[in-house]
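So this one's start-v6.txt, compact mmCIF, C-alpha atoms and all ligand atoms:
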```
# COMPACT_ATOMS: atom_id res chain seq x y z
CA MET A 1286 123.98 116.98 128.04
CA ASN A 1287 120.47 115.51 128.19
CA ARG A 1288 119.97 112.40 130.26
CA LEU A 1289 116.85 110.28 130.04
CA MET A 1290 115.82 107.10 131.81
CA ILE A 1291 112.95 105.02 130.47
CA ARG A 1292 111.71 102.72 133.21
CA ASN A 1293 108.90 100.26 133.82
CA ILE A 1294 109.25 98.71 130.35
CA GLY A 1295 107.12 95.55 130.17
CA GLN A 1296 109.04 94.09 127.24
CA LEU A 1297 112.33 95.65 126.25
CA LEU A 1298 113.36 94.27 122.82
CA THR A 1299 117.12 94.77 122.75
CA LEU A 1300 117.95 92.75 119.58
CA ARG A 1301 121.42 92.53 121.18
CA GLY A 1302 124.34 90.47 119.98
CA ALA A 1303 124.05 91.00 116.21
CA SER A 1304 125.82 94.33 115.67
CA GLY A 1305 128.68 92.54 113.90
CA ARG A 1306 126.63 90.49 111.45
CA PRO A 1307 122.96 90.12 110.57
CA LYS A 1308 120.71 87.52 112.12
CA THR A 1309 119.98 84.33 110.22
CA GLY A 1310 118.00 81.13 110.93
CA SER A 1311 116.72 80.64 114.45
CA SER A 1312 118.54 83.71 115.79
CA LEU A 1313 115.97 85.84 113.90
CA SER A 1314 113.45 84.76 116.53
CA ASP A 1315 115.59 85.90 119.45
CA LEU A 1316 114.67 89.51 120.24
CA GLY A 1317 116.85 89.65 123.36
CA ILE A 1318 113.83 90.50 125.49
CA ILE A 1319 114.28 91.91 128.99
CA GLU A 1320 111.11 91.87 131.10
CA ASN A 1321 110.68 94.90 133.38
CA GLY A 1322 113.49 96.61 131.57
CA CYS A 1323 115.06 100.01 131.68
CA VAL A 1324 117.11 102.09 129.21
CA ALA A 1325 119.30 105.05 130.06
CA ILE A 1326 120.33 107.62 127.47
CA GLU A 1327 123.10 110.19 127.68
CA GLY A 1328 123.19 112.74 124.87
CA GLU A 1329 122.65 110.85 121.60
CA THR A 1330 123.82 107.51 122.93
CA ILE A 1331 122.51 104.58 124.94
CA ALA A 1332 124.29 104.61 128.29
CA ALA A 1333 122.84 101.43 129.82
CA VAL A 1334 120.29 98.71 129.09
CA GLY A 1335 119.03 96.01 131.43
CA THR A 1336 116.63 95.33 134.25
CA GLU A 1337 115.83 98.34 136.37
CA GLN A 1338 118.19 97.13 139.07
CA GLU A 1339 121.05 96.56 136.65
CA VAL A 1340 120.66 99.97 135.03
CA TRP A 1341 120.49 101.80 138.39
CA HIS A 1342 123.58 99.99 139.54
CA ARG A 1343 125.48 100.80 136.35
CA LEU A 1344 124.44 104.45 136.39
CA CYS A 1345 125.25 104.97 140.05
CA GLN A 1346 128.82 104.07 139.14
CA ARG A 1347 128.80 106.57 136.26
CA TRP A 1348 126.63 109.42 137.43
CA GLY A 1349 126.85 109.01 141.21
CA GLU A 1350 123.90 108.58 143.63
CA ARG A 1351 120.56 110.47 143.42
CA LEU A 1352 119.97 109.52 139.80
CA SER A 1353 116.53 111.06 139.57
CA ASP A 1354 118.09 114.51 140.02
CA LYS A 1355 120.44 113.84 137.14
CA ALA A 1356 118.12 112.48 134.47
CA ASP A 1357 114.60 112.95 133.16
CA VAL A 1358 112.54 109.84 133.84
CA MET A 1359 109.92 108.44 131.46
CA ASP A 1360 107.53 105.76 132.70
CA ALA A 1361 106.75 103.27 129.92
CA GLY A 1362 103.73 101.99 131.82
CA GLY A 1363 104.59 98.31 131.32
CA ARG A 1364 104.53 98.64 127.54
CA VAL A 1365 107.00 97.60 124.80
CA VAL A 1366 110.18 99.46 123.90
CA MET A 1367 112.11 98.43 120.78
CA PRO A 1368 114.77 99.91 118.48
CA GLY A 1369 113.63 102.55 115.98
CA MET A 1370 112.88 100.73 112.74
CA VAL A 1371 115.20 101.08 109.76
CA ASP A 1372 113.87 101.21 106.20
CA PRO A 1373 116.67 100.04 103.88
CA HIS A 1374 114.95 100.60 100.49
CA THR A 1375 112.99 103.74 99.59
CA HIS A 1376 112.53 106.01 96.58
CA LEU A 1377 111.90 108.90 98.97
CA VAL A 1378 112.60 111.92 96.77
CA PHE A 1379 110.13 112.37 93.92
CA ALA A 1380 107.41 114.70 92.66
CA GLY A 1381 103.85 113.91 91.63
CA THR A 1382 101.56 110.96 92.25
CA ARG A 1383 100.33 108.04 90.11
CA GLU A 1384 96.93 107.17 91.56
CA TYR A 1385 95.54 106.78 88.00
CA GLU A 1386 97.84 103.77 87.46
CA LEU A 1387 95.91 101.84 90.10
CA GLU A 1388 92.81 101.92 87.90
CA MET A 1389 94.85 101.01 84.84
CA ARG A 1390 96.25 97.98 86.66
CA LEU A 1391 92.80 97.00 87.93
CA GLN A 1392 91.70 96.98 84.31
CA GLY A 1393 94.49 94.57 83.44
CA ALA A 1394 97.54 96.64 82.47
CA THR A 1395 100.76 95.39 84.05
CA TYR A 1396 103.36 97.53 85.80
CA LEU A 1397 105.88 96.94 82.98
CA GLU A 1398 103.31 97.67 80.25
CA ILE A 1399 102.54 101.03 81.85
CA LEU A 1400 106.28 101.76 82.00
CA GLN A 1401 106.81 100.76 78.36
CA ALA A 1402 104.01 103.09 77.31
CA GLY A 1403 105.92 106.01 78.87
CA GLY A 1404 104.16 105.98 82.25
CA GLY A 1405 105.36 104.54 85.57
CA ILE A 1406 108.90 105.58 86.52
CA LEU A 1407 109.08 107.70 83.35
CA ALA A 1408 106.00 109.70 84.40
CA THR A 1409 107.54 110.35 87.82
CA THR A 1410 110.79 111.35 86.10
CA ARG A 1411 109.02 114.03 84.06
CA LYS A 1412 107.46 115.47 87.23
CA THR A 1413 110.68 115.23 89.23
CA ARG A 1414 112.66 117.00 86.52
CA GLN A 1415 110.12 119.85 86.49
CA ALA A 1416 110.07 120.25 90.28
CA THR A 1417 112.35 122.71 92.04
CA GLU A 1418 114.77 121.50 94.67
CA GLU A 1419 112.71 123.28 97.35
CA GLU A 1420 109.51 121.59 96.19
CA LEU A 1421 111.14 118.14 96.26
CA LEU A 1422 112.52 118.91 99.71
CA ARG A 1423 109.11 119.91 101.03
CA GLN A 1424 107.38 116.80 99.68
CA ALA A 1425 110.07 114.36 100.82
CA SER A 1426 110.24 116.00 104.24
CA SER A 1427 106.54 115.41 104.84
CA ARG A 1428 107.05 111.75 103.83
CA LEU A 1429 109.82 111.54 106.43
CA ASP A 1430 107.44 112.98 109.04
CA ARG A 1431 105.12 110.07 108.36
CA PHE A 1432 107.95 107.55 108.52
CA LEU A 1433 108.81 108.92 111.95
CA GLN A 1434 105.21 108.60 113.14
CA TYR A 1435 105.32 104.96 112.05
CA GLY A 1436 108.44 104.34 114.15
CA VAL A 1437 111.12 104.56 111.44
CA THR A 1438 114.22 106.48 112.51
CA THR A 1439 116.57 105.83 109.55
CA VAL A 1440 115.79 105.40 105.84
CA GLU A 1441 117.81 104.66 102.76
CA ALA A 1442 116.83 106.91 99.80
CA LYS A 1443 117.56 106.23 96.14
CA SER A 1444 117.89 108.68 93.31
CA GLY A 1445 116.57 107.45 89.94
CA TYR A 1446 113.82 109.86 88.94
CA GLY A 1447 116.24 112.33 87.36
CA LEU A 1448 117.88 110.04 84.79
CA ASP A 1449 120.28 112.76 83.71
CA TRP A 1450 123.07 114.28 85.74
CA LYS A 1451 121.40 117.60 86.48
CA HIS A 1452 118.31 116.01 87.99
CA GLU A 1453 119.95 112.99 89.63
CA TRP A 1454 122.22 115.48 91.38
CA LYS A 1455 119.20 117.53 92.46
CA GLN A 1456 117.61 114.43 94.02
CA LEU A 1457 120.82 113.50 95.82
CA ARG A 1458 121.21 117.05 97.14
CA VAL A 1459 117.68 116.90 98.52
CA ALA A 1460 118.43 113.60 100.27
CA ARG A 1461 121.55 115.11 101.82
CA ARG A 1462 119.71 118.24 102.98
CA LEU A 1463 117.02 116.07 104.56
CA HIS A 1464 119.67 114.07 106.37
CA GLU A 1465 121.09 117.31 107.74
CA THR A 1466 117.79 118.90 108.75
CA HIS A 1467 115.20 116.21 109.47
CA PRO A 1468 115.29 114.00 112.59
CA VAL A 1469 115.21 110.86 110.42
CA ASP A 1470 118.68 109.88 109.17
CA VAL A 1471 118.81 109.52 105.38
CA VAL A 1472 121.39 107.22 103.74
CA SER A 1473 121.83 107.80 100.00
CA THR A 1474 121.98 105.40 97.08
CA PHE A 1475 122.69 106.43 93.50
CA MET A 1476 120.25 104.78 91.08
CA GLY A 1477 120.80 106.53 87.76
CA ALA A 1478 120.13 103.08 86.25
CA HIS A 1479 116.50 102.98 87.37
CA VAL A 1480 115.19 102.87 83.78
CA VAL A 1481 116.45 104.08 80.40
CA PRO A 1482 115.16 107.65 79.94
CA GLU A 1483 112.97 108.43 76.94
CA GLU A 1484 115.73 110.35 75.13
CA TYR A 1485 117.90 107.18 75.03
CA ARG A 1486 115.08 104.73 74.27
CA ASN A 1487 116.75 103.78 70.96
CA ASP A 1488 120.24 103.51 72.40
CA PRO A 1489 120.09 102.08 75.93
CA ASP A 1490 123.77 101.11 75.94
CA ARG A 1491 124.69 104.76 75.39
CA TYR A 1492 122.72 105.62 78.54
CA VAL A 1493 124.57 102.91 80.45
CA ASP A 1494 127.85 104.47 79.22
CA ILE A 1495 126.74 107.83 80.63
CA VAL A 1496 125.81 106.31 83.99
CA VAL A 1497 129.13 104.44 84.15
CA ASP A 1498 131.53 107.02 82.72
CA GLU A 1499 129.95 110.31 83.74
CA MET A 1500 127.45 110.03 86.56
CA ILE A 1501 129.06 107.46 88.90
CA PRO A 1502 132.44 109.26 89.01
CA GLN A 1503 130.72 112.55 89.90
CA VAL A 1504 128.54 110.95 92.58
CA ALA A 1505 131.66 109.42 94.13
CA ASP A 1506 133.70 112.61 93.76
CA LYS A 1507 131.10 114.71 95.51
CA GLY A 1508 130.50 112.06 98.19
CA LEU A 1509 126.78 112.05 97.38
CA ALA A 1510 125.99 108.37 97.95
CA GLU A 1511 127.28 105.23 99.67
CA PHE A 1512 125.53 102.68 97.47
CA CYS A 1513 124.85 102.11 93.79
CA ASP A 1514 121.67 100.34 92.64
CA VAL A 1515 120.23 99.12 89.33
CA PHE A 1516 116.81 97.84 88.20
CA CYS A 1517 117.89 94.50 86.69
CA GLU A 1518 114.73 93.39 84.91
CA LYS A 1519 113.47 92.15 81.58
CA ASP A 1520 113.15 95.14 79.21
CA VAL A 1521 114.78 97.46 81.75
CA PHE A 1522 118.50 96.72 82.36
CA SER A 1523 119.93 93.33 81.32
CA LEU A 1524 122.21 91.27 83.52
CA GLU A 1525 125.21 92.43 81.52
CA GLN A 1526 124.24 96.12 81.73
CA SER A 1527 123.52 95.74 85.45
CA ARG A 1528 126.94 94.16 86.00
CA ARG A 1529 128.63 97.07 84.21
CA VAL A 1530 126.83 99.63 86.35
CA LEU A 1531 127.49 97.89 89.67
CA GLU A 1532 131.14 97.14 88.83
CA ALA A 1533 131.68 100.80 87.95
CA GLY A 1534 130.06 101.79 91.24
CA LYS A 1535 132.35 99.41 93.09
CA ARG A 1536 135.44 100.83 91.41
CA HIS A 1537 134.38 104.23 92.74
CA GLY A 1538 133.69 103.00 96.26
CA LEU A 1539 129.89 102.68 95.99
CA MET A 1540 128.68 99.39 97.43
CA PRO A 1541 126.33 97.43 95.12
CA LYS A 1542 122.64 96.94 95.73
CA ILE A 1543 120.28 95.50 93.14
CA HIS A 1544 116.57 95.37 92.27
CA ALA A 1545 116.63 91.66 91.47
CA ASP A 1546 114.25 89.01 90.15
CA GLU A 1547 111.16 91.13 90.73
CA MET A 1548 109.02 90.30 87.66
CA GLU A 1549 111.17 87.51 86.20
CA ALA A 1550 113.93 85.25 87.50
CA MET A 1551 116.75 86.96 85.63
CA GLY A 1552 119.70 85.78 87.72
CA GLY A 1553 119.82 89.06 89.63
CA ALA A 1554 120.40 87.32 92.96
CA GLU A 1555 123.28 85.34 91.44
CA LEU A 1556 124.78 88.59 90.10
CA ALA A 1557 124.50 90.14 93.58
CA ALA A 1558 126.35 87.13 94.97
CA ASP A 1559 129.09 87.34 92.28
CA LEU A 1560 129.66 91.02 93.01
CA GLY A 1561 129.50 90.75 96.81
CA ALA A 1562 126.56 93.16 96.92
CA ILE A 1563 125.42 94.34 100.34
CA SER A 1564 121.83 93.45 99.44
CA ALA A 1565 119.59 92.02 96.75
CA ASP A 1566 116.09 93.48 96.90
CA HIS A 1567 112.58 92.33 95.83
CA LEU A 1568 113.36 88.69 94.85
CA LEU A 1569 109.71 87.79 94.20
CA ARG A 1570 110.77 85.24 91.56
CA VAL A 1571 114.26 84.34 92.74
CA SER A 1572 115.43 80.83 91.76
CA ASP A 1573 116.44 78.14 94.26
CA ARG A 1574 120.00 78.56 93.08
CA GLY A 1575 119.75 82.31 93.65
CA ILE A 1576 118.64 81.66 97.25
CA CYS A 1577 121.59 79.30 97.83
CA ARG A 1578 124.05 81.83 96.44
CA LEU A 1579 122.67 84.60 98.68
CA ALA A 1580 123.08 82.33 101.70
CA GLU A 1581 126.63 81.29 100.72
CA THR A 1582 127.84 84.83 100.12
CA GLY A 1583 126.02 86.65 102.94
CA VAL A 1584 124.13 89.04 100.65
CA ILE A 1585 121.12 90.35 102.59
CA ALA A 1586 117.71 89.75 101.01
CA VAL A 1587 115.68 92.94 101.39
CA LEU A 1588 112.05 91.86 101.01
CA LEU A 1589 109.35 94.35 100.03
CA PRO A 1590 105.97 92.72 100.64
CA GLY A 1591 104.19 96.07 100.14
CA THR A 1592 105.15 95.88 96.47
CA ALA A 1593 103.86 92.32 95.97
CA PHE A 1594 100.64 93.34 97.76
CA TYR A 1595 100.15 96.50 95.73
CA LEU A 1596 101.09 94.95 92.37
CA MET A 1597 99.00 91.86 93.19
CA ALA A 1598 102.09 89.73 92.54
CA PRO A 1599 103.30 86.59 94.32
CA PHE A 1600 105.12 87.26 97.59
CA ALA A 1601 108.81 86.50 98.05
CA ARG A 1602 109.63 83.07 99.51
CA ALA A 1603 110.81 84.34 102.88
CA ARG A 1604 110.49 80.93 104.58
CA ASP A 1605 112.68 79.20 101.98
CA MET A 1606 115.23 81.97 102.33
CA ILE A 1607 115.29 81.79 106.13
CA GLU A 1608 115.57 78.00 106.03
CA ALA A 1609 118.46 78.27 103.56
CA GLY A 1610 120.29 80.62 105.97
CA VAL A 1611 119.76 83.91 104.09
CA ALA A 1612 119.75 87.07 106.22
CA VAL A 1613 116.38 88.67 105.53
CA ALA A 1614 115.46 92.35 106.00
CA LEU A 1615 112.17 94.18 105.41
CA SER A 1616 111.39 97.52 103.80
CA THR A 1617 108.48 99.63 102.51
CA ASP A 1618 109.97 100.31 99.02
CA CYS A 1619 108.17 103.66 99.46
CA ASN A 1620 107.61 105.01 95.92
CA PRO A 1621 104.74 106.57 93.95
CA GLY A 1622 103.98 103.57 91.73
CA SER A 1623 104.45 100.12 93.20
CA SER A 1624 104.33 100.79 96.95
CA PRO A 1625 102.99 104.21 97.96
CA THR A 1626 103.34 103.79 101.72
CA MET A 1627 105.48 104.93 104.63
CA SER A 1628 104.05 102.35 107.02
CA MET A 1629 106.61 99.83 108.26
CA PRO A 1630 103.99 98.34 110.65
CA MET A 1631 101.90 97.48 107.57
CA ILE A 1632 104.97 95.81 106.05
CA LEU A 1633 105.34 93.73 109.22
CA ASN A 1634 101.67 92.65 108.89
CA LEU A 1635 102.23 91.58 105.30
CA ALA A 1636 105.48 89.79 106.13
CA CYS A 1637 103.65 87.65 108.67
CA LEU A 1638 100.38 87.06 106.86
CA HIS A 1639 101.70 86.61 103.32
CA MET A 1640 105.31 85.47 103.75
CA ARG A 1641 104.70 83.47 106.93
CA MET A 1642 107.43 85.18 108.91
CA THR A 1643 106.80 85.10 112.65
CA PRO A 1644 106.25 88.42 114.47
CA ALA A 1645 109.69 88.07 116.07
CA GLU A 1646 111.42 87.34 112.74
CA ALA A 1647 109.72 90.35 111.19
CA ILE A 1648 110.96 92.63 113.97
CA SER A 1649 114.54 91.40 113.57
CA ALA A 1650 114.23 91.96 109.82
CA ALA A 1651 112.95 95.53 110.27
CA THR A 1652 115.57 96.58 112.82
CA ILE A 1653 119.02 95.02 113.10
CA ASN A 1654 119.01 93.23 109.73
CA ALA A 1655 117.65 96.32 107.98
CA ALA A 1656 120.48 98.30 109.62
CA HIS A 1657 123.03 95.82 108.22
CA ALA A 1658 121.46 96.17 104.75
CA ILE A 1659 122.65 99.81 104.75
CA GLY A 1660 125.96 99.18 106.50
CA ARG A 1661 124.79 100.56 109.85
CA GLY A 1662 124.57 97.41 112.00
CA TRP A 1663 127.32 98.76 114.25
CA GLN A 1664 125.40 101.96 115.00
CA ILE A 1665 121.62 101.36 114.98
CA GLY A 1666 119.04 98.55 114.87
CA SER A 1667 119.51 97.28 118.44
CA LEU A 1668 119.46 98.73 121.94
CA GLU A 1669 122.93 98.22 123.37
CA GLU A 1670 125.31 100.39 125.35
CA GLY A 1671 127.19 102.78 123.06
CA LYS A 1672 124.76 102.58 120.14
CA GLN A 1673 122.70 105.51 118.89
CA ALA A 1674 119.66 106.20 121.06
CA ASP A 1675 116.93 105.58 118.45
CA LEU A 1676 113.96 103.87 120.03
CA VAL A 1677 110.24 103.45 119.95
CA LEU A 1678 107.60 102.98 122.67
CA LEU A 1679 104.60 100.97 121.49
CA ASP A 1680 101.15 101.47 122.91
CA ALA A 1681 101.00 97.72 123.49
CA PRO A 1682 101.91 95.20 126.22
CA HIS A 1683 103.42 92.65 123.78
CA TYR A 1684 105.49 93.10 120.62
CA ALA A 1685 103.18 90.82 118.61
CA PHE A 1686 100.45 93.49 118.85
CA LEU A 1687 102.37 95.21 116.07
CA GLN A 1688 101.47 92.36 113.68
CA TYR A 1689 98.22 91.32 115.34
CA HIS A 1690 96.54 94.68 114.72
CA PHE A 1691 96.45 96.13 111.24
CA GLY A 1692 95.58 99.52 109.82
CA ILE A 1693 96.11 101.29 113.14
CA ASN A 1694 99.26 102.93 114.40
CA LEU A 1695 100.54 101.64 117.75
CA ILE A 1696 103.60 103.89 117.82
CA ASP A 1697 103.24 106.07 120.91
CA THR A 1698 106.66 107.67 121.36
CA VAL A 1699 109.74 107.90 119.16
CA ILE A 1700 113.14 108.93 120.46
CA LYS A 1701 115.77 109.88 117.88
CA LYS A 1702 119.36 110.45 118.99
CA GLY A 1703 118.14 110.82 122.56
CA ARG A 1704 115.41 113.39 121.78
CA VAL A 1705 111.66 112.79 121.92
CA VAL A 1706 110.42 113.46 118.36
CA VAL A 1707 107.00 111.77 118.52
CA LYS A 1708 104.82 111.87 121.63
CA ASN A 1709 101.34 110.32 121.99
CA GLY A 1710 101.59 109.47 118.28
CA GLN A 1711 102.05 113.13 117.32
CA LEU A 1712 105.16 114.81 115.94
CA VAL A 1713 106.92 117.05 118.43
CA ARG A 1714 107.47 120.32 116.58
CA ARG A 1715 111.11 121.10 115.94
N1 LIG B 1801 111.08 98.31 90.52
C1 LIG B 1801 111.60 99.41 90.33
N2 LIG B 1801 111.57 100.51 91.09
C2 LIG B 1801 110.63 100.76 92.13
C3 LIG B 1801 109.36 101.31 91.62
C4 LIG B 1801 109.50 102.72 91.25
C5 LIG B 1801 108.25 103.32 90.65
O1 LIG B 1801 107.37 102.60 90.17
O2 LIG B 1801 108.22 104.56 90.65
C6 LIG B 1801 110.44 99.55 93.02
O3 LIG B 1801 111.43 99.18 93.64
O4 LIG B 1801 109.35 98.98 93.12
ZN ZN B 1802 112.88 100.04 94.64
```

Write the structure described by the file as structure tokens, please.
Ligand SMILES: N=CN[C@@H](CCC(=O)O)C(=O)O
Ligand SMILES: [Zn+2]
Amino acid sequence: MNRLMIRNIGQLLTLRGASGRPKTGSSLSDLGIIENGCVAIEGETIAAVGTEQEVWHRLCQRWGERLSDKADVMDAGGRVVMPGMVDPHTHLVFAGTREYELEMRLQGATYLEILQAGGGILATTRKTRQATEEELLRQASSRLDRFLQYGVTTVEAKSGYGLDWKHEWKQLRVARRLHETHPVDVVSTFMGAHVVPEEYRNDPDRYVDIVVDEMIPQVADKGLAEFCDVFCEKDVFSLEQSRRVLEAGKRHGLMPKIHADEMEAMGGAELAADLGAISADHLLRVSDRGICRLAETGVIAVLLPGTAFYLMAPFARARDMIEAGVAVALSTDCNPGSSPTMSMPMILNLACLHMRMTPAEAISAATINAAHAIGRGWQIGSLEEGKQADLVLLDAPHYAFLQYHFGINLIDTVIKKGRVVVKNGQLVRR
């Protein structure tokens, strides 16, 4: 079994103490920092975390004396070590690109107008349906490589560019194969209710019936996803249709997630609260009442500032949410239309500069709270004994360098399940 000790860590961000429930309020600012820290890894798991002295003491008890003979040692050179980041909202598996929509939007077309004219998600659906499973796998795998280089060690991935069973299933199979073969862990969400496909344009309720009665039972039966999501939005899926989809998912053991209050305050956050969803995502226009309900019910707000930035829309009110006691997480929303990025560090920049989160709050939101938003707070998102050994070494002496710099990548080393997968910023070939 491999053993690795990382020593001489200037700032070790443990994010400890929140594996049971996400951070809220002032605890978001507490990164559990250990100065001159050390982490020991055994196999895929963290064996000890603490100051160098504490870790040596702990390991001598476990491994006996002469530790350096028993473990590889990595010198962090006084730099920052933190948990691998978790991206809890991506549309990872798709074919084709939509760079032409940028120009259309710059000329005044809105995201929803492009969609209604048969572009947007519908354009990506046409391409994704045409693509072979191998082609989708290849494209999504190279996106995961980039995620890894940006310090992300687990992503959630939604279906929703198939919009019929054959192609939704293809997307979910690709996500599963990536989880099995790529170093990044992939957690699947079924999102057959992403938009109404063109063939049901005149009968959207019939499409909802198909999602509810045919697709969700098969997804559950085949164990293809843990979560069920819906795009609850004006002219996409109504509140009532969204409720039907998420309730059906729940009956089949798929936990609800929701694209809520993105373009209009539709009451999506309130629906998430009613249903006990694990997260409500986007929330650019959420109402005050929606914020209160999220806080009361413990639904995690997954904020996607890359989308507001790229769609030139107002940013979510992260400060109001944090003050109200909502658990906030951050994500890229990686997709070909509204947020074509794999850069979590860029998301942290935007969270600070446009949503006024502090650097420490943003790191909590991108690690332990993001892990909770996909039901993995017990396993990842913090550096504590017994948790999965997913961690990142920054080429920086202070964690705030991650938000202070922009447009450059400070991720030096990434360790996934105890193995070095990125070194000097470069992927280590598998
Ligand atoms: N808003 C809906 N779905 C995605 C965008 C998908 C796309 O445009 O392809 C989102 O979360 O932003
Ligand atoms: Zn999305």

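By all atoms listed in the file, and with residues fewer than 3 positions from Gln1673 in chain A along its chain excluded, the set lying at most 9 Å from it is Glu1329, Thr1330, Ile1331, Gln1664, Ile1665, Gly1666, Ser1667, Leu1668, Glu1669, Glu1670, Leu1676, Lys1701, Lys1702 and Gly1703 of chain A.
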
(Q) as a list in words, please: every protein or nucleic acid residue near ligand ZN 1802 (chain B) (cut-off 7 Å, counting only C-alpha atoms and all ligand atoms). (A)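 Using only C-alpha atoms and all ligand atoms, I find these residues within 7 Å of ligand ZN 1802 (chain B): His1374, Thr1375, His1376, His1544 and Asp1618 of chain A.
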
For range 1424-1537 of chain A against range 1621-1641 of chain A, with a cut-off of 8 Å and counting all atoms listed in the file, what is the closest atom pair and its distance in Å to one decimal for every residue that makes the cut, ordered by chain and number, as CSV?
```
residue,atom,partner,partner_atom,distance
A:Arg1428,CA,A:Met1627,CA,7.0
A:Arg1431,CA,A:Met1627,CA,6.4
A:Phe1432,CA,A:Met1627,CA,5.3
A:Tyr1435,CA,A:Ser1628,CA,5.8
A:Gly1436,CA,A:Met1629,CA,7.6
A:Val1437,CA,A:Met1629,CA,7.3
```

Q: Write as a ChimeraX atom specification the residues around ligand LIG 1801 (chain B), taking 10 Å as the cut-off and counting only C-alpha atoms and all ligand atoms.
A: /A:1374-1376,1379,1382-1383,1386,1396-1397,1399-1400,1404-1410,1443,1445-1446,1476,1479-1480,1515-1518,1521,1543-1548,1566-1567,1589,1591-1593,1595-1596,1617-1625

**Q.** Atom-to-atom span, CA of Trp1450 in chain A and CA of Ser1616 in chain A, Å
**A.** 27.3 Å

Protein and nucleic acid residues near (122.6, 109.1, 100.4) (cut-off 9 Å, all atoms listed in the file) as a PDB file with C-alpha atoms, in the frame of the given file:
```pdb
ATOM      1  CA  GLU A1441     117.810 104.660 102.760  1.00  0.00           C
ATOM      2  CA  ALA A1442     116.830 106.910  99.800  1.00  0.00           C
ATOM      3  CA  LYS A1443     117.560 106.230  96.140  1.00  0.00           C
ATOM      4  CA  SER A1444     117.890 108.680  93.310  1.00  0.00           C
ATOM      5  CA  LEU A1457     120.820 113.500  95.820  1.00  0.00           C
ATOM      6  CA  ARG A1458     121.210 117.050  97.140  1.00  0.00           C
ATOM      7  CA  ALA A1460     118.430 113.600 100.270  1.00  0.00           C
ATOM      8  CA  ARG A1461     121.550 115.110 101.820  1.00  0.00           C
ATOM      9  CA  HIS A1464     119.670 114.070 106.370  1.00  0.00           C
ATOM     10  CA  VAL A1471     118.810 109.520 105.380  1.00  0.00           C
ATOM     11  CA  VAL A1472     121.390 107.220 103.740  1.00  0.00           C
ATOM     12  CA  SER A1473     121.830 107.800 100.000  1.00  0.00           C
ATOM     13  CA  THR A1474     121.980 105.400  97.080  1.00  0.00           C
ATOM     14  CA  PHE A1475     122.690 106.430  93.500  1.00  0.00           C
ATOM     15  CA  GLY A1508     130.500 112.060  98.190  1.00  0.00           C
ATOM     16  CA  LEU A1509     126.780 112.050  97.380  1.00  0.00           C
ATOM     17  CA  ALA A1510     125.990 108.370  97.950  1.00  0.00           C
ATOM     18  CA  GLU A1511     127.280 105.230  99.670  1.00  0.00           C
ATOM     19  CA  PHE A1512     125.530 102.680  97.470  1.00  0.00           C
TER      20      PHE A1512
END
```

Q: Considering all atoms listed in the file, state which residue in the set A:Arg1411, A:His1342, A:Arg1306, A:Arg1347 is at the smallest distance from Gly1447 in chain A.
A: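 Nearest candidate to Gly1447 in chain A out of A:Arg1411, A:His1342, A:Arg1306, A:Arg1347: A:Arg1411.
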
(Q) I need the residue nearest Leu1560 in chain A from this list: A:Gln1401, A:Gln1415, A:Ser1572, A:Ser1527. Use all atoms listed in the file for the distance. (A)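 Closest to Leu1560 in chain A of all the choices is A:Ser1527.
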
Q) Could you work out how far CA of Thr1309 in chain A lies from CA of Ala1325 in chain A, giving the answer in Å with one decimal? A) 28.7 Å

Q: Please return, as a VMD selection string, all polymer residues that have at least one atom within 12 Å of the point (118.9, 96.9, 80.8); use only C-alpha atoms and the file's own coordinate frame.
A: chain A and resid 1478 to 1482 1485 to 1486 1488 to 1494 1515 to 1530 1544 1551 1553

**Q.** Residue among A:Ala1612, A:Val1677, A:Ala1356, A:Ala1425 lying closest to Ala1650 in chain A, counting only C-alpha atoms
**A.**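 For Ala1650 in chain A, the nearest of the candidates is A:Ala1612.
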
Q: Take CA of Asn1654 in chain A and CA of Pro1307 in chain A and report the distance between them in Å, one decimal.
A: 5.1 Å

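Proximity ranking of A:Leu1422, A:Leu1679, A:Ala1598, A:Glu1484 relative to Thr1395 in chain A places A:Ala1598 first, based on all atoms listed in the file.
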
Q) Using only C-alpha atoms, which residue out of A:Leu1313, A:Glu1420, A:Leu1344, A:Gly1363 lies closest to Arg1292 in chain A? A)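 Result for the nearest residue to Arg1292 in chain A: A:Gly1363.
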
Axis-aligned box for all listed atoms of range 1354-1366 of chain A, 8 Å per side, centre and edges in Å to one decimal, as JSON:
```
{"center_x": 112.1, "center_y": 106.1, "center_z": 132.0, "size_x": 32.7, "size_y": 32.9, "size_z": 32.1}
```

Q) Which polymer residues have any atom within 9 Å of an atom of His1467 in chain A, counting all atoms listed in the file, with same-chain residues fewer than 6 positions away left out, as a PyMOL selection string? A) chain A and resi 1426+1429-1430

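Shortest atom-to-atom contact with Asn1709 in chain A among A:Ser1314, A:Thr1643, A:Gln1434, A:Gln1296: A:Gln1434, counting all atoms listed in the file.
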
Q | Shell of 8 Å around range 1416-1419 of chain A, only C-alpha atoms, local chain residues under 4 positions omitted, as a ChimeraX atom specification | A | /A:1380,1412,1423,1455-1456,1459

Please identify all polymer residues within 6 Å of Ala1656 in chain A, counting all atoms listed in the file, omitting same-chain residues fewer than 5 positions from it, and present them as a PDB file with C-alpha atoms, keeping the file's coordinate frame.
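Wrote it out as selection16.pdb, contents follow:
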```
ATOM      1  CA  VAL A1371     115.200 101.080 109.760  1.00  0.00           C
ATOM      2  CA  ARG A1661     124.790 100.560 109.850  1.00  0.00           C
ATOM      3  CA  GLY A1662     124.570  97.410 112.000  1.00  0.00           C
ATOM      4  CA  GLY A1666     119.040  98.550 114.870  1.00  0.00           C
TER       5      GLY A1666
END
```
